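What's in final.cif: mmCIF, C-alpha atoms
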data_model
#
loop_
_atom_site.label_atom_id
_atom_site.label_comp_id
_atom_site.auth_asym_id
_atom_site.auth_seq_id
_atom_site.Cartn_x
_atom_site.Cartn_y
_atom_site.Cartn_z
CA MET W 71 75.53 126.25 71.13
CA PHE W 72 74.36 127.01 74.65
CA LEU W 73 75.51 130.03 76.60
CA ILE W 74 76.15 128.74 80.10
CA LEU W 75 76.71 130.93 83.12
CA LEU W 76 77.69 130.23 86.67
CA GLY W 77 74.98 128.50 88.60
CA GLY W 78 75.51 126.39 91.67
CA CYS W 79 76.20 126.19 95.34
CA SER W 80 79.82 126.78 96.28
CA SER W 81 81.75 124.69 98.77
CA ALA W 82 84.54 127.30 98.87
CA SER W 83 84.38 130.94 99.88
CA GLU W 84 84.24 133.58 97.18
CA ALA W 85 87.07 136.04 96.62
CA GLU W 86 86.28 139.75 96.73
CA ASN W 87 88.04 142.14 94.36
CA ASP W 88 87.17 145.86 94.35
CA SER W 89 83.81 145.08 96.02
CA ILE W 90 82.87 142.61 93.25
CA GLU W 91 82.26 139.03 94.35
CA ILE W 92 84.31 136.62 92.25
CA PRO W 93 84.18 132.80 92.71
CA GLY W 94 87.40 131.48 94.20
CA VAL W 95 89.54 128.77 92.63
CA GLY W 96 88.30 125.35 93.70
CA SER W 97 84.71 126.46 94.28
CA GLN W 98 82.30 123.62 93.56
CA PHE W 99 78.89 124.24 92.03
CA THR W 100 75.73 122.23 91.54
CA SER W 101 72.85 123.15 89.25
CA GLN W 102 69.56 121.45 88.47
CA VAL W 103 69.02 121.52 84.71
CA THR W 104 65.79 120.89 82.80
CA HIS W 105 66.02 120.72 79.01
CA ARG W 106 64.06 119.65 75.98
CA VAL W 107 64.97 119.32 72.31
CA GLY W 108 62.13 120.07 69.88
CA SER W 109 58.70 121.50 70.63
CA ASP W 110 57.27 118.05 71.35
CA GLY W 111 60.39 116.48 72.85
CA LYS W 112 60.51 114.92 76.31
CA LEU W 113 61.56 117.10 79.24
CA ARG W 114 64.74 115.80 80.86
CA GLN W 115 66.05 116.80 84.25
CA GLU W 116 69.52 116.25 85.63
CA VAL W 117 71.99 117.58 88.17
CA MET W 118 75.28 118.97 86.85
CA LYS W 119 78.43 119.71 88.84
CA PHE W 120 81.34 121.92 87.86
CA SER W 121 84.17 123.88 89.44
CA VAL W 122 86.25 127.05 89.09
CA GLN W 123 89.69 126.17 87.73
CA VAL W 124 91.25 129.63 87.28
CA ALA W 125 90.28 133.03 88.71
CA GLU W 126 91.46 136.54 87.82
CA MET W 127 93.15 135.55 84.57
CA ILE W 128 93.56 138.08 81.71
CA LEU W 129 92.15 137.18 78.28
CA GLU W 130 91.52 139.19 75.09
CA GLY W 131 91.78 142.51 76.89
CA LYS W 132 89.60 141.48 79.84
CA GLU W 133 90.74 141.20 83.46
CA GLN W 134 89.14 139.29 86.35
CA VAL W 135 88.23 136.41 84.05
CA VAL W 136 87.04 133.20 85.73
CA GLN W 137 87.39 129.83 84.01
CA VAL W 138 84.71 127.30 84.88
CA VAL W 139 85.00 123.67 83.77
CA GLN W 140 81.52 122.20 83.35
CA PHE W 141 80.47 118.58 83.29
CA ALA W 142 77.73 118.99 80.71
CA THR W 143 77.02 117.85 77.19
CA ASP W 144 76.67 121.28 75.58
CA THR W 145 79.91 122.92 76.69
CA LEU W 146 83.02 122.07 78.68
CA ILE W 147 84.50 125.44 79.54
CA SER W 148 82.92 128.82 80.25
CA LEU W 149 85.00 132.00 80.57
CA ILE W 150 83.34 134.88 82.42
CA SER W 151 84.78 138.38 82.86
CA TYR W 152 83.64 140.37 85.91
CA GLU W 153 83.46 144.03 84.85
CA SER W 154 84.20 146.81 87.35
CA ASN W 155 80.69 148.28 86.94
CA GLY W 156 78.94 145.01 87.82
CA ASP W 157 78.37 143.78 84.25
CA LEU W 158 79.44 140.30 83.13
CA SER W 159 81.01 139.42 79.78
CA LEU W 160 81.04 135.89 78.37
CA TYR W 161 83.74 134.68 76.01
CA MET W 162 82.95 132.86 72.79
CA SER W 163 85.91 131.35 70.97
CA GLN W 164 86.30 131.31 67.19
CA GLY W 165 83.69 129.18 65.47
CA LYS W 166 80.44 129.31 63.55
CA PHE W 167 76.84 130.39 64.02
CA GLY W 168 75.32 127.89 61.62
CA THR W 169 77.11 128.70 58.35
CA CYS W 170 78.40 132.05 59.69
CA GLN W 171 82.08 132.18 60.55
CA ARG W 172 82.87 134.31 63.61
CA GLU W 173 85.99 135.54 65.34
CA PRO W 174 86.50 135.28 69.12
CA LEU W 175 84.27 137.76 70.94
CA TRP W 176 82.77 138.81 74.27
CA LEU W 177 79.01 138.98 74.89
CA LEU W 178 78.11 141.76 77.33
CA LEU W 179 75.39 141.26 79.95
CA ARG W 180 74.15 144.46 81.61
CA PHE W 181 73.90 143.24 85.20
CA GLY W 182 75.43 146.55 86.33
CA GLY W 183 72.25 148.36 85.30
CA GLY W 184 73.52 150.13 82.18
CA PRO W 185 71.38 150.95 79.13
CA SER W 186 70.04 148.39 76.70
CA LEU W 187 72.49 147.33 74.01
CA THR W 188 72.42 145.99 70.47
CA ASP W 189 75.63 144.71 68.87
CA THR W 190 76.04 143.38 65.34
CA LEU W 191 78.60 140.61 65.81
CA VAL W 192 78.85 139.31 62.22
CA ILE W 193 77.76 140.85 58.94
CA SER W 194 78.43 139.28 55.54
CA ASP W 195 76.67 138.37 52.29
CA GLU W 196 75.66 135.04 53.82
CA CYS W 197 74.50 136.04 57.28
CA VAL W 198 74.02 138.65 60.01
CA VAL W 199 74.42 137.92 63.74
CA VAL W 200 72.96 140.34 66.30
CA TRP W 201 73.24 140.31 70.11
CA ASN W 202 70.95 142.45 72.24
CA GLY W 203 70.08 142.68 75.91
CA ARG W 204 68.34 144.87 78.43
CA PRO W 205 67.95 145.09 82.22
CA SER W 206 64.59 143.83 83.44
CA GLY W 207 64.41 144.88 87.08
CA GLN W 208 65.16 143.32 90.46
CA GLU W 209 63.68 140.14 91.88
CA ARG W 210 64.16 138.15 95.08
CA VAL W 211 64.98 134.49 94.45
CA VAL W 212 64.99 131.71 97.05
CA ILE W 213 67.91 129.28 96.79
CA ASP W 214 68.06 126.33 99.19
CA GLY W 215 65.80 128.16 101.65
CA GLU W 216 67.78 131.44 101.53
CA SER W 217 66.49 134.58 99.80
CA PHE W 218 68.75 136.67 97.54
CA GLU W 219 68.19 139.96 95.72
CA THR W 220 68.90 139.41 92.01
CA THR W 221 69.20 141.53 88.89
CA ARG W 222 67.21 140.14 85.98
CA ILE W 223 68.08 140.74 82.33
CA LEU W 224 66.64 139.64 79.00
CA ALA W 225 68.98 138.95 76.09
CA GLU W 226 68.71 137.54 72.57
CA LEU W 227 71.14 136.16 70.02
CA LYS W 228 69.75 136.27 66.45
CA VAL W 229 71.31 134.71 63.37
CA TYR W 230 69.89 135.62 59.95
CA VAL W 231 70.99 133.25 57.16
CA ALA W 232 70.40 134.36 53.57
CA PRO W 233 68.19 132.17 51.36
CA GLY W 234 70.11 129.78 49.16
CA ASP W 235 71.17 126.18 49.10
CA VAL W 236 71.91 125.97 52.85
CA GLU W 237 69.59 124.00 55.10
CA ASP W 238 69.53 126.57 57.90
CA ALA W 239 68.37 129.56 55.81
CA GLY W 240 66.05 131.83 57.78
CA MET W 241 66.27 133.24 61.29
CA HIS W 242 67.61 131.37 64.31
CA ALA W 243 67.36 132.88 67.77
CA ARG W 244 68.22 132.08 71.35
CA GLU W 245 66.31 134.03 74.01
CA TYR W 246 67.74 134.34 77.52
CA LYS W 247 66.27 135.24 80.89
CA LEU W 248 69.03 135.49 83.51
CA TRP W 249 68.95 136.17 87.27
CA TYR W 250 72.24 137.30 88.84
CA ALA W 251 72.88 137.64 92.60
CA PRO W 252 75.69 140.21 93.06
CA GLU W 253 76.35 139.20 96.66
CA LEU W 254 77.11 135.64 95.49
CA GLY W 255 78.78 136.52 92.20
CA TYR W 256 76.58 133.93 90.45
CA VAL W 257 73.83 133.73 87.89
CA VAL W 258 71.42 131.72 90.04
CA GLN W 259 68.76 131.06 87.42
CA GLU W 260 68.86 130.83 83.63
CA HIS W 261 66.06 130.16 81.13
CA ILE W 262 66.97 129.69 77.44
CA THR W 263 64.57 129.22 74.53
CA SER W 264 65.86 128.32 71.05
CA LEU W 265 63.72 129.39 68.10
CA GLN W 266 63.80 128.95 64.34
CA ARG W 267 61.81 130.92 61.78
CA VAL W 268 61.38 129.91 58.15
CA GLY W 269 59.02 132.24 56.29
CA ASP W 270 56.22 133.21 58.65
CA GLN W 271 56.50 130.10 60.81
CA VAL W 272 58.37 130.23 64.14
CA ASP W 273 59.16 126.95 65.91
CA THR W 274 60.60 126.25 69.35
CA ILE W 275 63.51 123.90 68.81
CA GLY W 276 64.69 123.60 72.40
CA ILE W 277 64.58 124.92 75.98
CA SER W 278 67.05 124.81 78.84
CA GLU W 279 66.43 125.93 82.44
CA ARG W 280 69.10 126.03 85.15
CA GLU W 281 68.73 126.71 88.85
CA LEU W 282 71.29 126.95 91.63
CA MET W 283 71.01 124.23 94.25
#
Would you write out, as structure tokens, the structure that this file holds?
Amino acid sequence: MFLILLGGCSSASEAENDSIEIPGVGSQFTSQVTHRVGSDGKLRQEVMKFSVQVAEMILEGKEQVVQVVQFATDTLISLISYESNGDLSLYMSQGKFGTCQREPLWLLLRFGGGPSLTDTLVISDECVVVWNGRPSGQERVVIDGESFETTRILAELKVYVAPGDVEDAGMHAREYKLWYAPELGYVVQEHITSLQRVGDQVDTIGISERELM
């Protein structure tokens, strides 16, 4: 399960709503993606293209939701809600975190500069799922020769699976570093590290890096 945000260069102008930049329908995006499975796996690099199919839809109590269809192996559709305070929320449909059943939910990203957050998404006898994130300052990022001011955040999704007969008992985590350019309405860079801990041993089981082109 990869959490994928907007990243790419648009061939269509963005729509502005209440001073928040929102990608317009038909916008085309291109990202360079580098990923690796396993700590000793081979780094692979590819270019991925995707487009905005629907803008300003309403879903699960959220307005200004953008639907992005992605031509990638890890996900096909991303739904992003643009909050009025500058935050982004990402939709996750009903499914599982390992053996943990979850209901549909939104993951909040504090790009608007709010306080750090910690949300317990699932709690049961079998597992606990925790989402946390915090702002991590401003940083200028150069995209295709042009410099943009971005807001950087750090986030983490942790899944704790109780010991038992299941293979994935232990802690599984996905750590995120995200750079969002408000004037573009895009996350222009994204670094994801997947970790697994069994006992005292922590292993890197995958990385994914995305950059706007």
Task: Shortest interatomic distance to W:Gly156 - which of W:Arg180, W:Arg280, W:Lys228, W:His105, counting only C-alpha atoms - done: W:Arg180
- [ ] With the file shown as input, list the residues that the PyMOL selection byres ((chain W and resi 113-130) around 6) selects, as a list in words.
- [x]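 Selected by the PyMOL selection byres ((chain W and resi 113-130) around 6) here: Val95, Gly96, Ser97, Gln98, Phe99, Thr100, Ser101, Gln102, Val103, Thr104, His105, Arg106, Lys112, Gly131, Lys132, Glu133, Gln134, Val135, Val136, Gln137, Val138, Val139, Gln140 and Phe141 of chain W.
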Task: Straight-line distance linking atom CA of W:Tyr246 with atom CA of W:Ser154, stated in Å to one decimal - done: 22.9 Å
TODO: Could you pull out every residue with an atom within 10 Å of (72.5, 146.7, 74.4), file coordinates, counting only C-alpha atoms, and send them as a list in words?
DONE: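 Those residues lying close to the given coordinates are Leu178, Leu179, Arg180, Gly184, Pro185, Ser186, Leu187, Thr188, Asp189, Trp201, Asn202, Gly203, Arg204, Pro205 and Ala225 of chain W.
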Open item on the list: Between W:Ala251, W:Ala239, W:Val231, W:Met283, which residue has the minimum interatomic distance to W:Ile90, considering all atoms listed in the file?
Closed with: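 The closest residue to W:Ile90 is W:Ala251.
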TODO: Could you tell me which of W:Gly276, W:Gly207, W:Gly94, W:Pro174 comes closest to W:Tyr250 if we count all atoms listed in the file?
DONE: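 Answer, going by the shortest atom-to-atom distance: W:Gly207.
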TODO: Give the answer as one residue: which of W:Cys170, W:Val257, W:Ile213, W:Met162 has the shortest atom-to-atom distance to W:Glu91, using only C-alpha atoms?
DONE: W:Val257
TODO: Give me the residues within 9 Å of W:Glu196 as a list in words, counting all atoms listed in the file and dropping any in the same chain fewer than 4 places off.
DONE: Thr169, Cys170, Tyr230, Val231, Ala232, Pro233 and Gly234 of chain W
